[in-house]
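Undergrad: What follows is a structure written as structure tokens; I'll ask about it next.
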Amino acid sequence: MAARAILLTLANLLIPIAILVFATGFFPYKPFMPGLARYEDLGWEDRMGWNNGSVASAPFDRLVFMVVDALRSDFVYAEGSGMSFVQSLIREGTALPFTAHATSPTITMPRVKAITTGSIPSFLDVILNFAESDTSSTLATQDTWLAQLKAKENGKLVMYGDDTWLKLFPDFFERADGTSSFFVSDFTEVDNNVTRHVPGELLNTDWNALIMHYLGLDHIGHKAGPKSPNMLPKQKEMDDIVRDIYTAIENEDHLANTLFVLCGDHGMNEGGNHGGSAPGETSPALVFMSPKLSKVTQFSEKKSPVLPKEGSEFEFYRMVEQSDVAPTLAGLLGMPVPRNNLGVFIEEFLGFWDDSRDRVQLLLRNAKQMKRIVEATYPSLDFGTAVWDGEVQEKECISPIDNADTIQSDGQNLACKWQGLVQVMSTLATISPDLRFLKSAQETMSSTASNYNVSLLILGTTLATLSALLTLPTLPRLRPLTAPGISYSLILALYTVLMFASSYVEEEHNFWYWATSAWLFYLFLAASRKEWTNVLLHPAIIVLVLHRVIRRWNQTGQKFAGADDIVHSPLFYGTNSIILWTLVGATYMDITNRLSRHVARSIATFEGVSGVAVGGPDADFDANRFMATVAVMPLGATAFVFKLGFTTLDAPELVGGINAGILNWVAGLGLVGVARMVFGGIGLSAFWIAVAEWKRRGGRKRGVKGNGDLAVALFDLLSLFLVTQTKAQNIPLFLLFRIQFFLLSKSYPPPPIIIITLTNQTATLNLSPTSITTTTLLLSQTTFFALGTNNAISSISLSNSYNGISDYNIVAVGLLLFLSNWAGPMYWSTAGVLLLGGHGQTQRHIAVQELEDRDWVKEERAHLERLARQEKEVVERREDGAWGSHLALLTLWTAASLVAVMLACMVLRMHLFVWTVFSPKFLFAAAWGVCFHFLGEVAVGGLVWGAGRW
Amino acid sequence: MSTTVIGAPAVPRAPASPINILNNGTAKLYTHLHPILVLSLYAYRWPSIVADPVPALTSALVPLSILQIAYVAICLPPTGGTASTVPQADKRKPGEKKKAAPSKVESGINGTIIPAFLSLLLSSLAAAPLLTATLVLFGAPMTTHHTHTVLCGAHIALLSFLPLVYVHGVDGTTWREVVALLLPIDEVYGGMIGSVFGAWCGAVPIPLDWDREWQKWPITIVTGAYVGYAVGKLLGGTLLKGKKIMFE
């Protein structure tokens with residue numbers, strides 16, 4: 001026993017260590033070059049006739065940079081777009097349109113970093129995006145075009161819109177007004193808050209960059225997708241703002257040399273979400289506008305609206321990289337290219353310079369800047385300006401086509417291209433070699449954006465494997481082979497294999513839905529082999545039917561994102577929302593009712609009749625029960641009102657059917673205070689019931705065991721907490737979970753039915769411990785996805801992570817964030833403990849020796865004896881090692897799935913999808929392994945199990 | 001089933017034995033030929049099924065029914081009767097006249113063709129809707145693709161349940177044993193389990209990002225059922241014959 005405990009502890013401790021080691025190797029801290037770039041000597045001055053330090057003169061001196069969050073390319077360019085003014089500019093030739101490819105993760109903060117620094121942000125930025133207060137992620141010390149503009153003479157910046165910019169660039173702006181995107185239901189306020197500053201700022205002459213970031217379009221996408229009826233009016237609103245600004249540029253003298261850039265930071269998929277790498281998400285629009293642009297567009301085709309490129313959905317005009325914005329702005333506004341830039345000057349703008357030497361100079365500056373990064377990455381290779389002699393070149397730069405045996409490394413390849421540039425520069429001035437070096441450097445450096453520490457990766461994977469191996473001796477006996485044991489192993493084995501298939505990582509929910517259906521059907525088969533009962537009333541079949549409803553509740557995953565589901569059906573919207581709120585109310589009523597039972601028991605305890613209350617239901621319908629209901633009602637009601645108030649702000653379309661007077665009253669309440677009241681009430685109730693149970697335990701005779709009521713009470717309080725952390729439209733799911741739990745437990749069928757039908761009609765599922773563990777695992781995973789989450793960072797819901805918190809507190813927000821996204825799994829892991837221990841289940845206390853022995857009741861007698869035996873087994877489980885076996889299986893599960901994910905990330909680290917699919921999956925696996933396994937399965941599970949022994 | 005009629009002692013049922021195919025050369029030959037024919041039919045129809053599942057699957061039902069009826073009529077003993085090659089003992093009352101023996105053709109029709117058509121009727125009227133409901137329960141689309149799902153259920157029903165109805169009839173107890181996987185395995189039962197299991201496995205390729213036309217509903221499921229049927233029938237008739245499925 002002791003050895004088992006030690007092994008399990010060791011295995012569990014290894015899990016976080018393995019994750020940490022692997023993460024250090026996988027997400028290395030990417031060094032960046034500090035300091036602002038300056039113009040430097042280019043070399044070849046004499047040959048090119050450049051004066052030392054001279055810079056090609058810039059066509060612009062001011063910048064208006066307008067970001068419209070999630071402005072997908074087709075919102076501007078396609079037929080039926082609301083942005084007719086921009087399209088008319090494109091036709092006139094005063095606007096130059098592009099599709100700017102945004103790399104994954106397509107969320108705002110890394111995208112803003114890419115646009116401003118020209119670098120490819122590391123994946124760690126995703127985590128830092130959530131830990132918003134973190135200051136290490138600011139760009140205050142990095143070289144950006146904002147820093148360059150500010151460093152200019154009279155450089156003053158103003159900023160209106162998304163406060164991400166204010167966090168990234170603290171103390172950068174002369175004037176600023178940030179808006180936060182807390183409630184995505186806000187389509188208008190966030191934008192009006194920006195627009196109201198625009199007319200005034202257009203008259204001001206002091207700034208040289210005006211930055212705006214509109215959030216409304218993104219909010220519409222998140223709420224109702226790209227085809228929302230609000231989308232077109234919002235595009236028109238944005239178009240009007242563009243018109244105002246452009247007209248001002250045309251008419252105001254001080255704005256004559258202003259470059260106006262309109263761009264999206266990322267796009268959105270058909271579901272209106274973003275974060276992944278679907279074409280819709282990675283294709284924002286990018287438009288440069290100025291009357292002066294007609295100089296560079298005179299020879300290009302000016303057509304708008306247009307169709308996307310053949311074979312693509314969102315590629316309009318030419319596709320450039322989002323990072324190309326930084327060097328292009330640098331060139332057009334006459335400043336050095338930011339140091340960490342990996343973008344390439346957009347060649348269409350070269351037409352501004354008539355002298356081809358200026359063009360070469362511009363590109364050469366870009367190339368030299370990028371060469372520094374390449375040099376830093378490949379320190380051993382030669383990137384000097386001396387022309388290589390023939391021998392070296394032959395050795396180093398044999399073309400792979402000529403000699404297939406020598407495969408050049410990426411670095412060598414770049415060195416050769418640089419050398420090609422050097423050779424051409426020393427003979428004549430043409431543009432193509434510059435571009436050739438720049439483009440391939442961009443490609444190579446983006447793919448080696450992260451240099452993995454492979455030995456740490458191997459060490460991390462080994463540690464996780466070790467953890468899995470350590471659990472093996474602690475598992476329940478393997479022989480004789482049982483069907484649940486085989487199922488557990490098969491599911492685990494299949495799951496580890498699927499982690500290597502990128503589509504199955506994206507569509508992981510399909511695996512769990514598929515496996516859970518089969519497992520529930522197996523439970524039905526296994527029960528039917530012993531005793532045939534009414535199929536439609538069979539608990540396993542009803543659980544399966546409910547499972548079918550639950551999996552349809554939220555459409556999740558990437559492939560069919562935006563497909564129909566129950567949450568988005570007209571069932572819950574507008575005036576129909578009364579249906580939703582009836583279901584939500586029923587969920588709260590059920591929990592309140594169950595809580596009142598616990599409190600009634602506690603009142604009885606304090607009145608001193610504790611000896612009577614052995615079972616639960618005897619406290620029903622008496623004075624105690626009434627008092628308890630009165631005592632618990634305020635808690636349930638407050639929780640419900642909080643949910644209603646929160647939803648009124650967060651998702652007003654879901655409260656359409658509710659009386660406006662009630663909504664006004666609810667909206668007037670301070671949500672933070674109400675949430676605190678709910679949390680406080682839950683804590684207080686837990687304390688009160690625990691004290692009562694402790695007293696009851698003291699009053700119990702020796703040898704008499706309790707029914708584990710405290711465990712049930714804790715579970716019910718936890719349910720109330722989890723429901724509070726869940727979006728309103730998902731709350732009815734908890735009612736369904738509750739029914740599933742009831743059917744899986746031995747309380748089904750309820751006692752009266754047993755007596756009437758003599759067990760012929762309905763069966764009880766008598767699950768073995770391994771079956772319970774497997775069921776728990778499957779339902780935990782299923783519910784995680786059924787609540788709408790998947791393995792993309794964008795599916796993480798932030799909306800409930802600030803409940804009851806007024807100021808930013810990373811621990812509290814992190815905890816609430818985890819609990820609100822893992823509410824389903826937390827529910828089932830705790831429910832699994834109750835199933836295992838049979839806590840609070842109706843005990844029939846069948847006195848076997850008093851049963852009659854007459855012939856015709858023989859069968860009934862046999863049945864009752866079997867029930868009595870099963871009951872005894874379950875109660876005995878609480879004493880022996882059932883918890884240990886349960887935990888061992890859970891630990892093996894966690895460790896083995898981690899090994900699979902780590903191996904997949906390691907083996908496929910050069911895979912095209914490593915940053916879009918496998919790295920997010922690793923982050924999720926880490927959350928499952930550390931937060932869920934430790935907090936949910938070990939801590940809460942252990943607490944409930946321990947409480948159940950009182 | 002634990003109900004017992006009081007006073008009437010339950011008749012212990014003879015343990016079910018695996019189904020043997022008819023003991024004649026044609027049956028032995030055709031039972032191996034049959035899955036090849038069924039799979040070839042499916043392979044032949046495959047391009048049109050991929051192009052447009054509903055009409056192609058509908059029209060494929062006819063040849064499939066013919067093949068299945070031929071199979072059960074040629075190879076399998078009909079329900080109730082043992083292999084009809086053994087002539088039944090003549091049980092005449094004393095003095096009763098000997099009835100004219102039914103002609104061979106007539107007895108063939110009565111004994112095999114009619115049960116075969118009855119099985120077709122039962123499997124398409126009872127099994128197909130039940131299987132469709134099961135498909136929906138396992139995740140088939142609920143609000144769209146109704147015809148697709150019904151056709152999928154019909155194909156599985158004809159493949160797996162038609163022969164089962166033919167050999168076991170409509171005896172409730174036997175069917176409970178069928179569902180609870182309690183019967184000994186033979187080629188008919190193996191074919192049923194194989195096709196249902198195959199249909200379940202057929203869901204696996206749907207989420208993959210291969211962008212193939214055949215990944216659409218319900219082609220993979222039907223394909224899984226066909227392949228599973230052939231494999232299950234082969235294994236059930238040979239390696240696993242007579243074995244029972246054990247859960248514990």
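Chain labels run A, B, ... following the order of the structure tokens; each chain numbers its residues from 1, and ligands are numbered from 1 in the order shown.
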Please give the complete set of residues from segment 9-248 of chain B that DSSP, run on the backbone, assigns to alpha helix (DSSP H), formatted as a PyMOL selection string.

TA: chain B and resi 25-51+53-75+104-108+114-122+128-137+146-156+162-168+172-179+187-201+219-237

Undergrad: Quick one: everything within 8 Å of segment 589-606 of chain A, counting only C-alpha atoms, minus sequence neighbours fewer than 6 positions away in the same chain. Send it as a ChimeraX atom specification.

TA: /A:613,616-617,619-620,624-629,631-633,635-636,688-689,692-693,695-696,709,713,716-717,719-720,735

Undergrad: Take the residues just selected and output them with N, CA and C atoms as a PDB file, in the first residue's frame.

TA:
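Everything below was put into again_32.pdb:
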```pdb
ATOM      1  N   ALA A 613     -31.372  10.533  11.260  1.00  0.00           N
ATOM      2  CA  ALA A 613     -31.096  10.854   9.869  1.00  0.00           C
ATOM      3  C   ALA A 613     -29.905  10.066   9.346  1.00  0.00           C
ATOM      4  N   GLY A 616     -30.855   9.951   3.385  1.00  0.00           N
ATOM      5  CA  GLY A 616     -31.100  11.340   3.029  1.00  0.00           C
ATOM      6  C   GLY A 616     -32.573  11.712   3.036  1.00  0.00           C
ATOM      7  N   PRO A 617     -33.407  10.964   2.330  1.00  0.00           N
ATOM      8  CA  PRO A 617     -34.734  11.473   1.983  1.00  0.00           C
ATOM      9  C   PRO A 617     -35.680  11.614   3.173  1.00  0.00           C
ATOM     10  N   ALA A 619     -35.528  13.397   5.567  1.00  0.00           N
ATOM     11  CA  ALA A 619     -35.673  14.787   5.989  1.00  0.00           C
ATOM     12  C   ALA A 619     -36.651  15.557   5.093  1.00  0.00           C
ATOM     13  N   ASP A 620     -37.125  14.876   4.045  1.00  0.00           N
ATOM     14  CA  ASP A 620     -38.044  15.544   3.123  1.00  0.00           C
ATOM     15  C   ASP A 620     -39.325  15.989   3.819  1.00  0.00           C
ATOM     16  N   ASN A 624     -37.988  21.048   8.886  1.00  0.00           N
ATOM     17  CA  ASN A 624     -36.575  21.325   8.598  1.00  0.00           C
ATOM     18  C   ASN A 624     -36.373  21.608   7.127  1.00  0.00           C
ATOM     19  N   ARG A 625     -37.040  20.803   6.317  1.00  0.00           N
ATOM     20  CA  ARG A 625     -36.881  20.953   4.893  1.00  0.00           C
ATOM     21  C   ARG A 625     -37.372  22.331   4.447  1.00  0.00           C
ATOM     22  N   PHE A 626     -38.472  22.744   5.053  1.00  0.00           N
ATOM     23  CA  PHE A 626     -39.009  24.050   4.705  1.00  0.00           C
ATOM     24  C   PHE A 626     -38.034  25.155   5.082  1.00  0.00           C
ATOM     25  N   MET A 627     -37.549  25.059   6.324  1.00  0.00           N
ATOM     26  CA  MET A 627     -36.597  26.078   6.782  1.00  0.00           C
ATOM     27  C   MET A 627     -35.355  26.099   5.892  1.00  0.00           C
ATOM     28  N   ALA A 628     -34.905  24.895   5.555  1.00  0.00           N
ATOM     29  CA  ALA A 628     -33.693  24.808   4.738  1.00  0.00           C
ATOM     30  C   ALA A 628     -33.917  25.457   3.379  1.00  0.00           C
ATOM     31  N   THR A 629     -35.096  25.225   2.809  1.00  0.00           N
ATOM     32  CA  THR A 629     -35.382  25.832   1.509  1.00  0.00           C
ATOM     33  C   THR A 629     -35.355  27.350   1.631  1.00  0.00           C
ATOM     34  N   ALA A 631     -33.674  28.973   3.705  1.00  0.00           N
ATOM     35  CA  ALA A 631     -32.293  29.408   3.916  1.00  0.00           C
ATOM     36  C   ALA A 631     -31.481  29.369   2.622  1.00  0.00           C
ATOM     37  N   VAL A 632     -31.772  28.406   1.759  1.00  0.00           N
ATOM     38  CA  VAL A 632     -30.922  28.225   0.569  1.00  0.00           C
ATOM     39  C   VAL A 632     -31.413  29.052  -0.612  1.00  0.00           C
ATOM     40  N   MET A 633     -32.721  29.314  -0.615  1.00  0.00           N
ATOM     41  CA  MET A 633     -33.310  30.027  -1.732  1.00  0.00           C
ATOM     42  C   MET A 633     -32.547  31.297  -2.119  1.00  0.00           C
ATOM     43  N   LEU A 635     -29.485  32.044  -1.949  1.00  0.00           N
ATOM     44  CA  LEU A 635     -28.246  31.731  -2.662  1.00  0.00           C
ATOM     45  C   LEU A 635     -28.547  31.378  -4.121  1.00  0.00           C
ATOM     46  N   GLY A 636     -29.498  30.460  -4.302  1.00  0.00           N
ATOM     47  CA  GLY A 636     -29.860  30.069  -5.665  1.00  0.00           C
ATOM     48  C   GLY A 636     -30.379  31.258  -6.455  1.00  0.00           C
ATOM     49  N   TRP A 688     -20.784  25.529   6.757  1.00  0.00           N
ATOM     50  CA  TRP A 688     -21.904  25.166   7.632  1.00  0.00           C
ATOM     51  C   TRP A 688     -22.196  23.666   7.546  1.00  0.00           C
ATOM     52  N   ILE A 689     -22.306  23.157   6.322  1.00  0.00           N
ATOM     53  CA  ILE A 689     -22.646  21.740   6.161  1.00  0.00           C
ATOM     54  C   ILE A 689     -21.515  20.865   6.693  1.00  0.00           C
ATOM     55  N   ALA A 692     -21.809  20.650  10.394  1.00  0.00           N
ATOM     56  CA  ALA A 692     -22.929  19.794  10.777  1.00  0.00           C
ATOM     57  C   ALA A 692     -22.587  18.323  10.586  1.00  0.00           C
ATOM     58  N   GLU A 693     -21.944  18.018   9.452  1.00  0.00           N
ATOM     59  CA  GLU A 693     -21.597  16.620   9.179  1.00  0.00           C
ATOM     60  C   GLU A 693     -20.582  16.106  10.192  1.00  0.00           C
ATOM     61  N   LYS A 695     -20.372  17.070  13.225  1.00  0.00           N
ATOM     62  CA  LYS A 695     -21.095  16.827  14.456  1.00  0.00           C
ATOM     63  C   LYS A 695     -21.863  15.502  14.351  1.00  0.00           C
ATOM     64  N   ARG A 696     -22.465  15.292  13.206  1.00  0.00           N
ATOM     65  CA  ARG A 696     -23.221  14.065  12.998  1.00  0.00           C
ATOM     66  C   ARG A 696     -22.312  12.846  13.102  1.00  0.00           C
ATOM     67  N   ASP A 709     -22.712  11.778   2.876  1.00  0.00           N
ATOM     68  CA  ASP A 709     -23.527  12.920   2.460  1.00  0.00           C
ATOM     69  C   ASP A 709     -22.708  14.183   2.255  1.00  0.00           C
ATOM     70  N   ALA A 713     -22.843  16.878  -0.743  1.00  0.00           N
ATOM     71  CA  ALA A 713     -23.065  18.306  -0.517  1.00  0.00           C
ATOM     72  C   ALA A 713     -21.982  19.128  -1.212  1.00  0.00           C
ATOM     73  N   ASP A 716     -22.626  19.210  -4.874  1.00  0.00           N
ATOM     74  CA  ASP A 716     -23.714  20.107  -5.280  1.00  0.00           C
ATOM     75  C   ASP A 716     -23.271  21.569  -5.210  1.00  0.00           C
ATOM     76  N   LEU A 717     -22.477  21.893  -4.196  1.00  0.00           N
ATOM     77  CA  LEU A 717     -21.974  23.271  -4.112  1.00  0.00           C
ATOM     78  C   LEU A 717     -21.028  23.558  -5.276  1.00  0.00           C
ATOM     79  N   SER A 719     -21.215  22.192  -8.171  1.00  0.00           N
ATOM     80  CA  SER A 719     -22.034  22.379  -9.379  1.00  0.00           C
ATOM     81  C   SER A 719     -22.527  23.817  -9.461  1.00  0.00           C
ATOM     82  N   LEU A 720     -22.994  24.357  -8.326  1.00  0.00           N
ATOM     83  CA  LEU A 720     -23.488  25.734  -8.343  1.00  0.00           C
ATOM     84  C   LEU A 720     -22.385  26.693  -8.771  1.00  0.00           C
ATOM     85  N   LEU A 735     -27.980  20.533 -16.458  1.00  0.00           N
ATOM     86  CA  LEU A 735     -29.170  19.759 -16.095  1.00  0.00           C
ATOM     87  C   LEU A 735     -29.084  18.377 -16.760  1.00  0.00           C
TER      88      LEU A 735
END
```

Undergrad: Once you count only C-alpha atoms, which residues of chain A turn out to be within 7 Å of chain B? Could you give them as a list in words?

TA: Thr482, Ala483, Ser503, Tyr504, Glu507, Ser517, Leu525, Ser528, Arg529, Glu531, Trp532, Thr533, Val545, Arg548 and Asn760 of chain A

Undergrad: Just give me the gap between atom CA of Leu779 of chain A and atom CA of Ala563 of chain A in Å, one decimal is fine.

TA: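 So the two atoms, atom CA of Leu779 of chain A and atom CA of Ala563 of chain A, lie 22.9 Å apart.
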
Undergrad: Taking 6 positions as the minimum chain separation for residues in the same chain, which residues sit within 8 Å of Leu744 of chain A when counting only C-alpha atoms? Answer as a compact mmCIF listing (two decimals) with N, CA and C atoms, in the first residue's frame.

TA:
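part.txt, written as the output of this step:
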```txt
# COMPACT_ATOMS: atom_id res chain seq x y z
N PRO A 539 -31.04 2.63 -18.58
CA PRO A 539 -30.26 3.82 -18.23
C PRO A 539 -29.17 4.14 -19.25
N ALA A 540 -28.47 3.10 -19.74
CA ALA A 540 -27.38 3.39 -20.68
C ALA A 540 -27.91 4.01 -21.96
N VAL A 543 -28.80 7.62 -21.29
CA VAL A 543 -27.56 8.41 -21.23
C VAL A 543 -27.03 8.64 -22.64
N LEU A 765 -27.59 0.19 -13.72
CA LEU A 765 -26.23 -0.05 -14.18
C LEU A 765 -25.38 -0.31 -12.96
N LEU A 835 -19.66 8.41 -8.01
CA LEU A 835 -20.09 7.13 -8.57
C LEU A 835 -19.27 6.00 -7.97
```

Undergrad: Calculate how many Å separate atom CA of Pro170 of chain A from atom CA of Leu139 of chain A, rounding to one decimal.

TA: 8.4 Å

Undergrad: Step one, run DSSP on the backbone; step two, keep only residues of segment 70-179 of chain A assigned to strand (DSSP E); then write them as a PyMOL selection string.

TA: chain A and resi 95-101+157-162+175-179

Undergrad: For the residues in that selection, give me C-alpha atoms as a CSV table (one decimal), in the first residue's frame.

TA:
```
chain,number,residue,atom,x,y,z
A,95,ALA,CA,-5.5,53.3,-53.2
A,96,LEU,CA,-3.2,50.2,-53.5
A,97,PRO,CA,-4.9,47.0,-52.2
A,98,PHE,CA,-3.3,43.9,-50.9
A,99,THR,CA,-4.1,40.8,-48.9
A,100,ALA,CA,-1.8,40.7,-46.0
A,101,HIS,CA,-1.0,37.2,-44.9
A,157,LEU,CA,1.8,59.9,-31.8
A,158,VAL,CA,-1.9,59.7,-30.9
A,159,MET,CA,-3.8,56.6,-30.5
A,160,TYR,CA,-7.6,55.8,-30.2
A,161,GLY,CA,-9.1,52.4,-29.9
A,162,ASP,CA,-8.2,48.9,-28.6
A,175,ARG,CA,-3.0,61.6,-26.6
A,176,ALA,CA,-4.8,58.4,-26.3
A,177,ASP,CA,-8.1,56.9,-25.4
A,178,GLY,CA,-8.2,53.1,-25.0
A,179,THR,CA,-11.2,51.0,-25.2
```

Undergrad: Between atom CA of Ile373 of chain A and atom CA of Asn208 of chain A, what is the distance, to one decimal in Å?

TA: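 Computing the Euclidean distance for atom CA of Ile373 of chain A and atom CA of Asn208 of chain A yields 29.0 Å.
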
Undergrad: If you count only C-alpha atoms, which residues fall within 8 Å of Val672 of chain A, apart from same-chain ones fewer than 5 positions away, as a list of chain:residue names?

TA: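 Returned residues: A:Asn803, A:Gly804, A:Ile805, A:Ser806.
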
Undergrad: Between A:Ser88, A:Ser356, A:Thr764, A:Asn790, which is the closest to Gln870 of chain A once you count only C-alpha atoms?

TA: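 Using only C-alpha atoms, Gln870 of chain A sits closest to A:Thr764.
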
Undergrad: My list of candidates is A:Leu718, A:Leu798, A:Leu889, A:Ala140. Which is closest to Val938 of chain A when distances are computed with only C-alpha atoms?

TA: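 Using only C-alpha atoms, the shortest distance to Val938 of chain A belongs to A:Leu889.
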